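First the structure, in the form of structure tokens, and then the observations on it.
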Amino acid sequence: MCRESDERGFALVAAVFGLVIIAALVTGAFFAARQEMSVGRSSQGFQRAFGAAEAGLNNTIVQWNSGSWNALAVGDSAAVSGTLPSNTGSYAGAVRRLNNELFVIRSVGQDPTGATQRTLAALARLQLIQMDFNAALTTRGSVRIGGSSFIDGVDQNPTGWSCPSGTLDTLAGITTRDSTLISTSGCSGLTCLRGDPKIDQDPTINDSTFFKFGDLDWDELVAMATKSYPAGEVGPLQPTAVGDATTCTTATLDNWGNPYLTSPPLGCLNYFPIIYVNGNLKLTGGYGQGILLVSGDLDVQGGFEFYGPVIIRGSLKTSGTGGHFNGGLMAANVDLETSSVLGDAVVTYSSCAIARALQFNAPGRLLAQRSWAELF
């Protein structure tokens, strides 16, 4: 007779073993899912940090602080930082000047948790504004000069300014499309003009002479204006600063910078605003520097003094104590009115004043090719 096999307990062992196998599979799957989730979160944080660093580069270019960064000495740097909308990250870094035109921007981006960082660097250059002055005064319409006024095409450096060394140019006193449209009053023998020649006739003068500035046009330059005024009267103008007079209060509407190196506030020495007036402008005294754009006529009285280029869509009128312009002046005469430089007005060509105003207002732009790289 066969003896029965003793199989009691086998089913329990098999069940336990099966449960162990299933638990191991579940644990492995859970571990893998956790790892995948962690990798996903890390990848998400990695990408957010990269996006924050990239936003730092772009924001730095868009918000280029020409008044401060364009004045940096070679090798000096300025800090930049910001927080992205909806708490999607932040960035911090610096803008460092490499030479007269090149800068390097370093941006360290962080994800919202602060656990991940990415660092990007980019090369930027100044997009220099080009203005071609061929005379102290350029016009394409009628001009009346005389009185005690003086228009000087001999290049002169403003007193005390650190201008480039070299031979100064001598331009024409007036360049116009038709020299027969110039009339004089009390200026016998053109004694109120100096230059080589005193009057230059250029029949090629057209709209682009007055409203095209290298890669920029009038509208683009107006869009860069740091101060805007409606038509009307402005003045007297005077720079203002706070504290120890080293922090220029650029938000003050009637602060157009300080061209006088020996006079306070010294904080406004490197402030060269782009000023735009939408209509006719009457100036009644004071002083400033930068780029002045007037969409209508410019009427100057009260001894106003300005350093830098002046572009007028309409005509120029000076009377009485007039004004003193150091740089270059263009009157497009689009309304065909007669410009008049009378009274004690002085227009002096200064390549240094023009260059400084253009240099300090040049926006930063990323290089067209291979402008950025990631740093590890």
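All residue names refer to the structure tokens as shown: chains lettered A, B, ... in order, residues numbered from 1 in each chain, ligands numbered from 1 in order.
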Could you give me, as a PyMOL selection string, the residues within 7 Å of segment 71-80 of chain A, counting only C-alpha atoms and dropping anything in the same chain fewer than 2 positions from it? chain A and resi 67-69+92-99+270+360
When you look at Ser149 of chain A with a cut-off of 9 Å (counting only C-alpha atoms), what residues show up, excluding the ones that are within fewer than 6 positions of it in the same chain? I need them as a VMD selection string. chain A and resid 187 192 to 193 322 341 to 347
Just write the chosen residues, N, CA, C and O atoms, as a short mmCIF file (atom, residue, chain, number, x, y, z; two decimals), in the first residue's frame.
data_model
loop_
_atom_site.label_atom_id
_atom_site.label_comp_id
_atom_site.auth_asym_id
_atom_site.auth_seq_id
_atom_site.Cartn_x
_atom_site.Cartn_y
_atom_site.Cartn_z
N CYS A 187 25.92 141.45 -40.68
CA CYS A 187 26.99 140.44 -40.76
C CYS A 187 27.74 140.66 -42.08
O CYS A 187 27.83 139.77 -42.92
N CYS A 192 30.15 136.91 -39.19
CA CYS A 192 29.54 136.11 -38.12
C CYS A 192 29.64 134.62 -38.41
O CYS A 192 29.01 133.80 -37.73
N LEU A 193 30.44 134.26 -39.42
CA LEU A 193 30.65 132.85 -39.77
C LEU A 193 32.14 132.53 -39.75
O LEU A 193 32.98 133.36 -40.11
N GLY A 322 19.77 134.78 -26.89
CA GLY A 322 19.87 133.59 -27.74
C GLY A 322 20.25 132.35 -26.97
O GLY A 322 19.66 132.01 -25.97
N VAL A 341 19.21 132.98 -36.99
CA VAL A 341 20.20 132.94 -35.93
C VAL A 341 20.63 134.38 -35.68
O VAL A 341 21.53 134.91 -36.33
N LEU A 342 19.96 135.00 -34.72
CA LEU A 342 20.18 136.41 -34.44
C LEU A 342 20.50 136.59 -32.97
O LEU A 342 20.63 135.62 -32.22
N GLY A 343 20.60 137.84 -32.54
CA GLY A 343 20.91 138.11 -31.14
C GLY A 343 22.33 137.69 -30.81
O GLY A 343 23.24 137.84 -31.62
N ASP A 344 22.51 137.14 -29.62
CA ASP A 344 23.84 136.71 -29.18
C ASP A 344 24.05 135.21 -29.33
O ASP A 344 24.89 134.62 -28.65
N ALA A 345 23.27 134.54 -30.17
CA ALA A 345 23.36 133.09 -30.31
C ALA A 345 24.72 132.66 -30.86
O ALA A 345 25.31 133.35 -31.70
N VAL A 346 25.21 131.51 -30.37
CA VAL A 346 26.48 130.95 -30.83
C VAL A 346 26.26 129.47 -31.11
O VAL A 346 25.72 128.73 -30.27
N VAL A 347 26.64 129.03 -32.29
CA VAL A 347 26.60 127.61 -32.66
C VAL A 347 28.03 127.18 -32.94
O VAL A 347 28.66 127.68 -33.89
#
What are the DSSP strand (DSSP E or B) residues of segment 171-314 of chain A, as a short mmCIF file (atom, residue, chain, number, x, y, z; two decimals) with N, CA, C and O atoms, in the first residue's frame?
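And here is the file that came out, out.cif:
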data_model
loop_
_atom_site.label_atom_id
_atom_site.label_comp_id
_atom_site.auth_asym_id
_atom_site.auth_seq_id
_atom_site.Cartn_x
_atom_site.Cartn_y
_atom_site.Cartn_z
N ALA A 172 32.50 123.31 -42.39
CA ALA A 172 31.84 124.53 -42.84
C ALA A 172 31.06 125.15 -41.68
O ALA A 172 30.63 124.46 -40.75
N GLY A 173 30.88 126.45 -41.73
CA GLY A 173 30.02 127.09 -40.75
C GLY A 173 28.58 126.68 -40.96
O GLY A 173 27.88 126.25 -40.03
N ILE A 174 28.12 126.79 -42.23
CA ILE A 174 26.75 126.40 -42.60
C ILE A 174 26.82 125.50 -43.83
O ILE A 174 27.51 125.83 -44.80
N THR A 175 26.10 124.40 -43.81
CA THR A 175 25.89 123.60 -45.01
C THR A 175 24.41 123.68 -45.35
O THR A 175 23.54 123.47 -44.50
N THR A 176 24.12 124.02 -46.60
CA THR A 176 22.73 124.19 -47.03
C THR A 176 22.57 123.67 -48.45
O THR A 176 23.55 123.53 -49.19
N ILE A 182 20.45 132.09 -48.05
CA ILE A 182 21.03 132.66 -46.84
C ILE A 182 21.08 134.17 -46.96
O ILE A 182 21.59 134.72 -47.94
N SER A 183 20.53 134.83 -45.96
CA SER A 183 20.56 136.30 -45.92
C SER A 183 21.23 136.74 -44.62
O SER A 183 21.23 136.02 -43.62
N THR A 184 21.83 137.92 -44.65
CA THR A 184 22.55 138.42 -43.49
C THR A 184 21.97 139.75 -43.04
O THR A 184 21.42 140.50 -43.83
N SER A 185 22.14 140.00 -41.73
CA SER A 185 21.69 141.27 -41.17
C SER A 185 22.74 141.71 -40.15
O SER A 185 22.87 141.11 -39.08
N LEU A 193 30.44 134.26 -39.42
CA LEU A 193 30.65 132.85 -39.77
C LEU A 193 32.14 132.53 -39.75
O LEU A 193 32.98 133.36 -40.11
N ARG A 194 32.45 131.27 -39.32
CA ARG A 194 33.82 130.80 -39.43
C ARG A 194 33.78 129.33 -39.81
O ARG A 194 32.96 128.55 -39.32
N ILE A 199 30.42 128.86 -45.97
CA ILE A 199 29.14 128.32 -46.41
C ILE A 199 29.41 127.24 -47.45
O ILE A 199 30.14 127.46 -48.42
N ASP A 200 28.82 126.08 -47.24
CA ASP A 200 28.99 124.96 -48.18
C ASP A 200 27.63 124.63 -48.77
O ASP A 200 26.67 124.38 -48.03
N GLN A 201 27.55 124.63 -50.09
CA GLN A 201 26.30 124.29 -50.76
C GLN A 201 26.32 122.81 -51.14
O GLN A 201 27.22 122.34 -51.82
N LYS A 212 17.89 110.04 -40.69
CA LYS A 212 18.45 108.69 -40.75
C LYS A 212 19.78 108.71 -40.02
O LYS A 212 20.68 109.50 -40.33
N PHE A 213 19.93 107.82 -39.02
CA PHE A 213 21.11 107.83 -38.16
C PHE A 213 21.73 106.43 -38.12
O PHE A 213 21.53 105.67 -37.17
N LEU A 216 19.43 103.44 -37.37
CA LEU A 216 18.23 103.97 -36.74
C LEU A 216 17.63 105.08 -37.59
O LEU A 216 18.33 105.75 -38.34
N ASP A 217 16.31 105.27 -37.45
CA ASP A 217 15.66 106.42 -38.08
C ASP A 217 15.07 107.31 -37.00
O ASP A 217 15.22 107.06 -35.80
N LYS A 227 13.48 111.53 -21.90
CA LYS A 227 12.61 112.62 -21.44
C LYS A 227 11.76 113.09 -22.60
O LYS A 227 12.27 113.31 -23.70
N SER A 228 10.45 113.23 -22.36
CA SER A 228 9.53 113.66 -23.41
C SER A 228 8.70 114.84 -22.89
O SER A 228 8.27 114.85 -21.74
N TYR A 229 8.49 115.81 -23.77
CA TYR A 229 7.74 117.00 -23.43
C TYR A 229 6.68 117.24 -24.50
O TYR A 229 6.90 116.95 -25.68
N PRO A 230 5.54 117.80 -24.13
CA PRO A 230 4.61 118.30 -25.14
C PRO A 230 5.13 119.64 -25.67
O PRO A 230 6.11 120.19 -25.15
N ALA A 231 4.49 120.14 -26.68
CA ALA A 231 4.87 121.46 -27.19
C ALA A 231 4.68 122.51 -26.10
O ALA A 231 3.79 122.42 -25.26
N GLY A 232 5.56 123.50 -26.08
CA GLY A 232 5.43 124.55 -25.08
C GLY A 232 6.77 125.12 -24.67
O GLY A 232 7.77 124.99 -25.37
N GLU A 233 6.78 125.75 -23.50
CA GLU A 233 7.96 126.44 -22.99
C GLU A 233 8.63 125.61 -21.90
O GLU A 233 7.96 125.05 -21.03
N VAL A 234 9.95 125.51 -21.95
CA VAL A 234 10.71 124.77 -20.96
C VAL A 234 11.86 125.65 -20.48
O VAL A 234 12.54 126.29 -21.27
N LEU A 237 16.54 125.31 -17.18
CA LEU A 237 16.95 123.94 -16.91
C LEU A 237 18.17 123.91 -16.00
O LEU A 237 19.07 124.74 -16.14
N ALA A 241 20.72 116.67 -7.95
CA ALA A 241 21.22 115.43 -7.39
C ALA A 241 20.80 115.36 -5.93
O ALA A 241 20.31 116.33 -5.34
N VAL A 242 20.99 114.19 -5.31
CA VAL A 242 20.62 114.01 -3.91
C VAL A 242 21.85 113.60 -3.11
O VAL A 242 22.89 113.24 -3.65
N THR A 247 24.59 111.30 -6.73
CA THR A 247 23.48 110.53 -7.30
C THR A 247 22.57 111.48 -8.05
O THR A 247 21.84 112.28 -7.45
N CYS A 248 22.61 111.41 -9.36
CA CYS A 248 21.85 112.32 -10.20
C CYS A 248 20.37 111.95 -10.18
O CYS A 248 20.01 110.78 -10.37
N ILE A 274 18.30 111.62 -23.85
CA ILE A 274 17.72 111.91 -25.17
C ILE A 274 16.41 112.63 -24.89
O ILE A 274 15.50 112.07 -24.26
N ILE A 275 16.31 113.87 -25.32
CA ILE A 275 15.14 114.71 -25.03
C ILE A 275 14.31 114.85 -26.30
O ILE A 275 14.83 115.25 -27.35
N TYR A 276 13.01 114.55 -26.19
CA TYR A 276 12.12 114.67 -27.34
C TYR A 276 10.99 115.62 -27.01
O TYR A 276 10.36 115.53 -25.95
N VAL A 277 10.74 116.56 -27.91
CA VAL A 277 9.64 117.52 -27.76
C VAL A 277 8.68 117.33 -28.93
O VAL A 277 9.08 117.47 -30.09
N ASN A 278 7.44 117.00 -28.60
CA ASN A 278 6.43 116.72 -29.63
C ASN A 278 5.71 118.01 -30.02
O ASN A 278 4.60 118.28 -29.59
N GLY A 279 6.38 118.82 -30.82
CA GLY A 279 5.82 120.09 -31.25
C GLY A 279 6.85 121.20 -31.16
O GLY A 279 8.05 120.94 -31.12
N ASN A 280 6.38 122.43 -31.11
CA ASN A 280 7.29 123.57 -31.01
C ASN A 280 7.82 123.70 -29.59
O ASN A 280 7.09 123.49 -28.62
N LEU A 281 9.08 124.09 -29.47
CA LEU A 281 9.72 124.22 -28.17
C LEU A 281 10.30 125.62 -28.02
O LEU A 281 10.98 126.12 -28.91
N LYS A 282 10.05 126.23 -26.84
CA LYS A 282 10.66 127.50 -26.50
C LYS A 282 11.51 127.28 -25.26
O LYS A 282 11.02 126.85 -24.21
N LEU A 283 12.82 127.57 -25.37
CA LEU A 283 13.75 127.41 -24.25
C LEU A 283 14.09 128.79 -23.69
O LEU A 283 14.47 129.70 -24.44
N GLY A 286 19.03 128.20 -18.80
CA GLY A 286 19.53 126.98 -18.20
C GLY A 286 20.54 126.30 -19.09
O GLY A 286 21.02 126.87 -20.08
N TYR A 287 20.87 125.05 -18.76
CA TYR A 287 21.88 124.34 -19.53
C TYR A 287 21.65 122.84 -19.41
O TYR A 287 20.95 122.35 -18.51
N GLY A 288 22.27 122.10 -20.34
CA GLY A 288 22.12 120.65 -20.34
C GLY A 288 23.00 120.03 -21.40
O GLY A 288 23.77 120.70 -22.09
N GLN A 289 22.88 118.71 -21.53
CA GLN A 289 23.66 117.96 -22.50
C GLN A 289 22.88 116.72 -22.91
O GLN A 289 21.93 116.32 -22.25
N ILE A 291 21.08 114.54 -26.35
CA ILE A 291 20.58 114.61 -27.73
C ILE A 291 19.21 115.27 -27.67
O ILE A 291 18.31 114.78 -26.98
N LEU A 292 19.04 116.37 -28.37
CA LEU A 292 17.77 117.11 -28.36
C LEU A 292 17.06 116.92 -29.69
O LEU A 292 17.61 117.22 -30.75
N LEU A 293 15.82 116.40 -29.63
CA LEU A 293 15.00 116.16 -30.82
C LEU A 293 13.73 116.99 -30.70
O LEU A 293 12.98 116.85 -29.73
N VAL A 294 13.49 117.84 -31.68
CA VAL A 294 12.31 118.71 -31.66
C VAL A 294 11.52 118.46 -32.93
O VAL A 294 12.03 118.64 -34.04
N LEU A 298 12.19 125.33 -32.98
CA LEU A 298 12.91 125.59 -31.74
C LEU A 298 13.16 127.09 -31.62
O LEU A 298 13.79 127.69 -32.48
N ASP A 299 12.68 127.67 -30.53
CA ASP A 299 12.84 129.09 -30.25
C ASP A 299 13.66 129.22 -28.97
O ASP A 299 13.26 128.73 -27.91
N VAL A 300 14.84 129.84 -29.07
CA VAL A 300 15.77 129.90 -27.94
C VAL A 300 15.94 131.33 -27.48
O VAL A 300 16.24 132.22 -28.26
N PHE A 304 20.29 130.04 -22.98
CA PHE A 304 20.32 128.59 -22.86
C PHE A 304 21.61 128.03 -23.46
O PHE A 304 22.07 128.50 -24.51
N GLU A 305 22.20 127.00 -22.81
CA GLU A 305 23.44 126.39 -23.31
C GLU A 305 23.28 124.88 -23.35
O GLU A 305 22.83 124.27 -22.37
N PHE A 306 23.66 124.28 -24.48
CA PHE A 306 23.47 122.84 -24.67
C PHE A 306 24.70 122.22 -25.32
O PHE A 306 25.30 122.82 -26.22
N TYR A 307 25.05 120.99 -24.87
CA TYR A 307 26.20 120.25 -25.40
C TYR A 307 25.69 118.94 -26.00
O TYR A 307 25.12 118.10 -25.29
N GLY A 308 25.93 118.77 -27.30
CA GLY A 308 25.50 117.56 -27.98
C GLY A 308 24.75 117.89 -29.26
O GLY A 308 24.53 119.07 -29.59
N PRO A 309 24.32 116.87 -30.01
CA PRO A 309 23.62 117.11 -31.27
C PRO A 309 22.18 117.57 -31.05
O PRO A 309 21.51 117.13 -30.12
N VAL A 310 21.72 118.47 -31.91
CA VAL A 310 20.35 118.98 -31.88
C VAL A 310 19.74 118.78 -33.27
O VAL A 310 20.31 119.25 -34.26
N ILE A 311 18.59 118.07 -33.33
CA ILE A 311 17.91 117.83 -34.59
C ILE A 311 16.52 118.45 -34.50
O ILE A 311 15.74 118.13 -33.60
N ILE A 312 16.23 119.35 -35.43
CA ILE A 312 14.95 120.06 -35.43
C ILE A 312 14.24 119.76 -36.75
O ILE A 312 14.80 119.97 -37.83
#
Please provide as number ranges by chain all residues within 12 Å of Thr60 of chain A, with the sequence filter that same-chain residues fewer than 4 positions apart are discarded (counting only C-alpha atoms). A: 53-56, 64-66, 69, 78-82, 91-96, 103-107, 121-124, 363-366
Could you list, as a list of chain:residue names, every residue within 12 Å of Asp132 of chain A, counting only C-alpha atoms and ignoring same-chain residues fewer than 3 positions away?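 Counting only the stated atoms, we get A:Ile129, A:Ala135, A:Ala136, A:Leu137, A:Thr138, A:Leu171, A:Ile205, A:Ser208, A:Thr209, A:Phe210, A:Phe211, A:Lys212, A:Phe213, A:Gly214, A:Pro309, A:Ile311, A:Gly327, A:Gly328, A:Leu329, A:Met330, A:Ser351, A:Ile354, A:Ala355, A:Leu358.
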